[in-house]
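For reference, structure_25.tsv is printed below; it contains TSV, C-alpha atoms.
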```
chain	number	residue	atom	x	y	z
A	1	MET	CA	-42.06	-0.52	19.45
A	2	ARG	CA	-38.91	-0.44	17.36
A	3	LYS	CA	-40.67	1.47	14.55
A	4	ARG	CA	-42.13	3.93	17.07
A	5	THR	CA	-38.73	4.47	18.68
A	6	ARG	CA	-37.13	4.95	15.27
A	7	ARG	CA	-39.80	7.54	14.31
A	8	GLN	CA	-39.28	9.37	17.61
A	9	LEU	CA	-35.53	9.50	17.08
A	10	GLN	CA	-36.00	10.73	13.53
A	11	GLY	CA	-38.37	13.43	14.79
A	12	TRP	CA	-35.99	14.61	17.49
A	13	GLY	CA	-33.18	14.56	14.94
A	14	ALA	CA	-35.21	16.77	12.59
A	15	VAL	CA	-35.99	19.20	15.42
A	16	ALA	CA	-32.32	19.34	16.39
A	17	ALA	CA	-31.34	19.98	12.76
A	18	VAL	CA	-33.84	22.85	12.49
A	19	ILE	CA	-32.59	24.39	15.73
A	20	ALA	CA	-28.97	24.08	14.58
A	21	ALA	CA	-29.84	25.68	11.22
A	22	VAL	CA	-31.58	28.58	12.99
A	23	LEU	CA	-28.62	29.13	15.31
A	24	VAL	CA	-26.16	29.02	12.43
A	25	ALA	CA	-28.25	31.45	10.38
A	26	GLY	CA	-28.52	33.81	13.32
A	27	ASN	CA	-24.79	33.73	14.02
A	28	TRP	CA	-23.51	33.28	10.50
A	29	ALA	CA	-20.89	36.00	10.79
A	30	ARG	CA	-19.19	34.11	13.61
A	31	VAL	CA	-19.91	30.56	12.37
A	32	TRP	CA	-18.75	30.67	8.75
A	33	PRO	CA	-15.00	31.16	9.52
A	34	VAL	CA	-15.17	28.07	11.75
A	35	LEU	CA	-16.93	26.05	9.06
A	36	VAL	CA	-14.39	27.15	6.46
A	37	ALA	CA	-11.52	26.20	8.79
A	38	VAL	CA	-13.05	22.78	9.49
A	39	LEU	CA	-13.60	22.21	5.77
A	40	ALA	CA	-10.01	23.25	4.98
A	41	ILE	CA	-8.63	20.92	7.66
A	42	ALA	CA	-10.76	18.08	6.29
A	43	VAL	CA	-9.53	18.71	2.73
A	44	VAL	CA	-5.87	18.95	3.77
A	45	GLY	CA	-6.18	15.90	6.03
A	46	GLY	CA	-7.85	13.88	3.28
A	47	ALA	CA	-5.20	14.89	0.75
A	48	GLY	CA	-2.43	14.03	3.22
A	49	TRP	CA	-3.96	10.65	4.00
A	50	GLY	CA	-4.32	9.94	0.29
A	51	LEU	CA	-0.66	10.82	-0.35
A	52	TRP	CA	0.49	8.71	2.61
A	53	ARG	CA	-1.55	5.73	1.40
A	54	ALA	CA	-0.23	6.12	-2.16
A	55	HIS	CA	3.33	6.30	-0.81
A	56	ARG	CA	2.86	3.15	1.27
A	57	LEU	CA	1.41	1.36	-1.74
A	58	ALA	CA	4.30	2.46	-3.97
A	59	VAL	CA	6.89	1.40	-1.36
A	60	GLY	CA	5.19	-1.97	-0.96
A	61	GLN	CA	5.11	-2.55	-4.71
A	62	ASP	CA	8.77	-1.51	-5.00
A	63	ARG	CA	9.80	-3.94	-2.26
A	64	GLN	CA	7.82	-6.73	-3.90
A	65	TRP	CA	9.42	-5.98	-7.27
A	66	ARG	CA	12.90	-5.89	-5.74
A	67	ALA	CA	12.29	-9.22	-3.98
A	68	GLN	CA	11.10	-10.78	-7.24
A	69	GLU	CA	14.12	-9.46	-9.13
A	70	GLU	CA	16.45	-10.67	-6.39
A	71	ALA	CA	14.87	-14.12	-6.55
A	72	LYS	CA	15.27	-14.18	-10.35
A	73	ALA	CA	18.92	-13.14	-10.06
A	74	ARG	CA	19.60	-15.83	-7.46
A	75	GLU	CA	17.96	-18.46	-9.61
A	76	LEU	CA	19.92	-17.30	-12.65
A	77	SER	CA	23.15	-17.54	-10.67
A	78	MET	CA	22.24	-21.13	-9.81
A	79	THR	CA	21.97	-22.20	-13.47
A	80	GLU	CA	25.65	-23.08	-13.75
A	81	VAL	CA	25.63	-24.73	-10.32
A	82	ASP	CA	22.75	-26.98	-11.37
A	83	ALA	CA	24.84	-28.18	-14.31
A	84	LEU	CA	27.70	-29.37	-12.04
A	85	SER	CA	28.25	-32.96	-11.03
A	86	TRP	CA	28.19	-33.70	-7.32
A	87	GLN	CA	31.99	-33.90	-7.31
A	88	ASP	CA	32.30	-30.54	-9.05
A	89	PHE	CA	29.71	-29.10	-6.68
A	90	GLU	CA	31.86	-30.02	-3.68
A	91	ARG	CA	34.89	-28.38	-5.30
A	92	TYR	CA	32.77	-25.32	-6.13
A	93	VAL	CA	31.68	-24.96	-2.49
A	94	ALA	CA	35.33	-25.25	-1.45
A	95	ASP	CA	36.18	-22.41	-3.86
A	96	LEU	CA	33.43	-20.27	-2.30
A	97	CYS	CA	34.96	-20.90	1.12
A	98	ARG	CA	38.40	-19.86	-0.14
A	99	ARG	CA	36.90	-16.77	-1.77
A	100	ASP	CA	35.58	-15.69	1.63
A	101	GLY	CA	38.93	-16.04	3.35
A	102	CYS	CA	38.81	-19.62	4.64
A	103	THR	CA	42.18	-21.35	4.95
A	104	LYS	CA	43.43	-24.95	4.76
A	105	VAL	CA	40.34	-25.85	2.70
A	106	VAL	CA	40.29	-29.53	1.75
A	107	VAL	CA	37.77	-31.44	-0.39
A	108	SER	CA	37.18	-35.09	0.46
A	109	GLY	CA	35.62	-36.07	-2.85
A	110	LYS	CA	35.10	-39.68	-1.86
A	111	SER	CA	32.60	-41.97	-0.17
A	112	GLY	CA	33.08	-42.81	3.47
A	113	ASP	CA	34.07	-39.24	4.38
A	114	LEU	CA	31.70	-39.35	7.38
A	115	GLY	CA	29.77	-36.29	6.24
A	116	ALA	CA	32.79	-34.02	5.78
A	117	ASP	CA	32.79	-33.13	2.09
A	118	VAL	CA	34.73	-29.91	2.68
A	119	ILE	CA	36.87	-28.98	5.70
A	120	GLY	CA	38.58	-25.67	6.34
A	121	TYR	CA	39.01	-22.81	8.80
A	122	LEU	CA	37.22	-19.48	8.93
A	123	PRO	CA	39.38	-16.34	9.04
A	124	ASP	CA	38.89	-16.16	12.84
A	125	GLY	CA	40.20	-19.70	13.28
A	126	ARG	CA	36.99	-21.67	13.76
A	127	LYS	CA	36.93	-25.08	12.10
A	128	LEU	CA	34.38	-25.38	9.30
A	129	VAL	CA	32.92	-28.75	8.28
A	130	VAL	CA	30.61	-28.78	5.25
A	131	GLN	CA	28.21	-31.41	4.00
A	132	CYS	CA	27.27	-30.87	0.32
A	133	LYS	CA	24.11	-32.36	-1.18
A	134	LYS	CA	23.58	-31.87	-4.91
A	135	TYR	CA	19.82	-32.41	-5.05
A	136	ALA	CA	17.18	-31.39	-7.60
A	137	PRO	CA	15.56	-28.02	-6.73
A	138	GLY	CA	12.19	-29.60	-5.94
A	139	ARG	CA	13.57	-32.17	-3.55
A	140	SER	CA	13.90	-31.73	0.23
A	141	VAL	CA	16.73	-32.61	2.59
A	142	SER	CA	15.43	-35.36	4.86
A	143	SER	CA	15.77	-35.84	8.57
A	144	GLN	CA	17.95	-38.90	7.90
A	145	ASP	CA	20.43	-36.77	5.92
A	146	MET	CA	20.61	-34.29	8.76
A	147	GLN	CA	20.94	-36.99	11.42
A	148	LYS	CA	23.98	-38.49	9.67
A	149	PHE	CA	25.69	-35.10	9.49
A	150	VAL	CA	24.86	-34.22	13.10
A	151	GLY	CA	26.33	-37.56	14.19
A	152	THR	CA	29.73	-36.88	12.63
A	153	ALA	CA	30.30	-33.11	12.20
A	154	ARG	CA	31.36	-32.45	15.77
A	155	PRO	CA	32.00	-35.90	17.32
A	156	GLU	CA	34.17	-37.10	14.41
A	157	HIS	CA	35.54	-33.91	12.87
A	158	GLY	CA	35.51	-31.41	15.76
A	159	ALA	CA	33.54	-28.79	13.82
A	160	ASP	CA	33.06	-25.35	15.32
A	161	ILE	CA	30.76	-24.47	12.40
A	162	ALA	CA	28.75	-27.32	10.88
A	163	LEU	CA	27.39	-26.24	7.50
A	164	PHE	CA	24.88	-28.26	5.45
A	165	VAL	CA	24.73	-26.90	1.89
A	166	THR	CA	22.19	-28.10	-0.66
A	167	THR	CA	20.92	-27.10	-4.09
A	168	CYS	CA	17.30	-27.95	-3.22
A	169	ARG	CA	14.90	-25.35	-1.92
A	170	THR	CA	13.84	-26.84	1.40
A	171	PHE	CA	14.71	-28.95	4.38
A	172	THR	CA	11.91	-31.03	5.84
A	173	LYS	CA	10.42	-29.71	9.06
A	174	ALA	CA	12.09	-32.50	11.04
A	175	ALA	CA	15.46	-31.88	9.37
A	176	LEU	CA	15.32	-28.13	10.00
A	177	GLY	CA	14.22	-28.65	13.60
A	178	LEU	CA	17.16	-30.99	14.17
A	179	ALA	CA	19.53	-28.48	12.56
A	180	VAL	CA	18.32	-25.71	14.89
A	181	ARG	CA	18.58	-27.90	17.99
A	182	GLN	CA	22.06	-29.14	17.07
A	183	ASP	CA	23.35	-25.77	15.87
A	184	VAL	CA	23.84	-26.80	12.27
A	185	VAL	CA	23.68	-24.07	9.63
A	186	ALA	CA	21.17	-25.22	7.00
A	187	LEU	CA	21.97	-23.45	3.72
A	188	HIS	CA	19.12	-24.07	1.26
A	189	ARG	CA	18.95	-23.05	-2.39
A	190	ASP	CA	18.03	-19.38	-1.85
A	191	LEU	CA	20.83	-18.80	0.64
A	192	LEU	CA	23.25	-20.71	-1.59
A	193	GLY	CA	22.19	-18.46	-4.48
A	194	SER	CA	23.04	-15.41	-2.37
A	195	TRP	CA	26.41	-16.95	-1.52
A	196	VAL	CA	27.09	-17.63	-5.20
A	197	LYS	CA	26.17	-14.02	-6.03
A	198	GLY	CA	28.75	-12.67	-3.60
A	199	ALA	CA	27.28	-12.66	-0.10
A	200	HIS	CA	30.00	-13.43	2.45
A	201	LEU	CA	29.78	-16.77	4.23
A	202	GLU	CA	29.99	-15.22	7.69
A	203	THR	CA	26.93	-13.05	6.93
A	204	LEU	CA	24.93	-16.15	5.94
A	205	ILE	CA	25.79	-18.28	8.96
A	206	PRO	CA	23.44	-16.48	11.41
A	207	LEU	CA	20.48	-16.56	8.98
A	208	ASN	CA	19.69	-20.24	9.37
A	209	GLY	CA	21.34	-21.52	12.53
A	210	SER	CA	23.29	-19.66	15.18
A	211	GLY	CA	26.67	-20.87	13.93
A	212	GLY	CA	28.08	-21.17	17.43
A	213	GLY	CA	31.43	-22.53	18.43
A	214	THR	CA	34.43	-21.20	20.23
A	215	THR	CA	36.97	-19.09	18.39
A	216	ARG	CA	40.25	-20.90	17.97
A	217	ARG	CA	43.24	-20.76	15.70
A	218	PRO	CA	43.99	-23.47	13.14
A	219	PRO	CA	46.70	-25.92	14.05
A	220	ALA	CA	50.14	-25.21	12.69
```
Go ahead and render the structure in this file as structure tokens.
Amino acid sequence: MRKRTRRQLQGWGAVAAVIAAVLVAGNWARVWPVLVAVLAIAVVGGAGWGLWRAHRLAVGQDRQWRAQEEAKARELSMTEVDALSWQDFERYVADLCRRDGCTKVVVSGKSGDLGADVIGYLPDGRKLVVQCKKYAPGRSVSSQDMQKFVGTARPEHGADIALFVTTCRTFTKAALGLAVRQDVVALHRDLLGSWVKGAHLETLIPLNGSGGGTTRRPPA
């Protein structure tokens, strides 16, 4: 039945093609301008689609190249940071804060600082408390690290902005989830690299944590 139906359809198709050819031949003077117009539209449309696709491909490749170059530049900027001791790293982060207009910046530089390695005030008066972790790039910040900072940044130090800065590339899923819930800005290696390269601190705060807190002026 399927073969018979297929043969019938093929037969009707052939008859329709013959009829169409006869009609076209009989009205060629009126048909050929239409056919030429359709062909021209098809050629122009195909060329336009090809150009659009080539443009999209070129833009995509350019974006990918720029992202790769940006990543290389960030990693290169981190070379000197990787060579610092953990004490020098804390002082370096404090210098970055000062560079971006923070005032009254103090470095603890000792154990028992209750998670406040660097303390200062943003230009708008909000208190900034920073935890610095000088970890190897392949390591991750654990949930325990984040829990300790969450437990002291605001209750002990009254932070408006709690900033966790690390030289490693990732926070564990649990650590990052805790940071988001507790409004801690988690600054991993890539964001730190952007900061080192010149990105302003206040532009980085919203990228990984809302950076909430009321605006207030530093004490006299």
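Among A:His200, A:Arg4, A:Lys173, A:His157, the residue with the shortest atom-to-atom distance to A:Gln131, counting only C-alpha atoms, is A:His157.
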Closest of A:Ala179, A:Met146, A:Leu192, A:Leu128 to A:Ile161, counting only C-alpha atoms, is A:Leu128
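Our summary of the geometry notes that atom CA of A:Asp100 is positioned 27.6 Å from atom CA of A:Gln147.
When all atoms listed in the file are used to measure the gap to A:Leu84, the shortest distance among A:Phe171, A:Ile41, A:Lys134, A:Gly13 belongs to A:Lys134.
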If you count all atoms listed in the file, the residue of A:Gly46, A:Pro137, A:Gly115, A:Gly177 closest to A:Ala159 turns out to be A:Gly115
One decimal place gives the atom CA of A:Trp195-atom CA of A:Cys97 separation as 9.8 Å
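Among the candidate residues A:Arg126, A:Lys197, A:Lys133, A:Arg181, the one lying nearest to A:Gly101 is A:Arg126, with distances computed using all atoms listed in the file.
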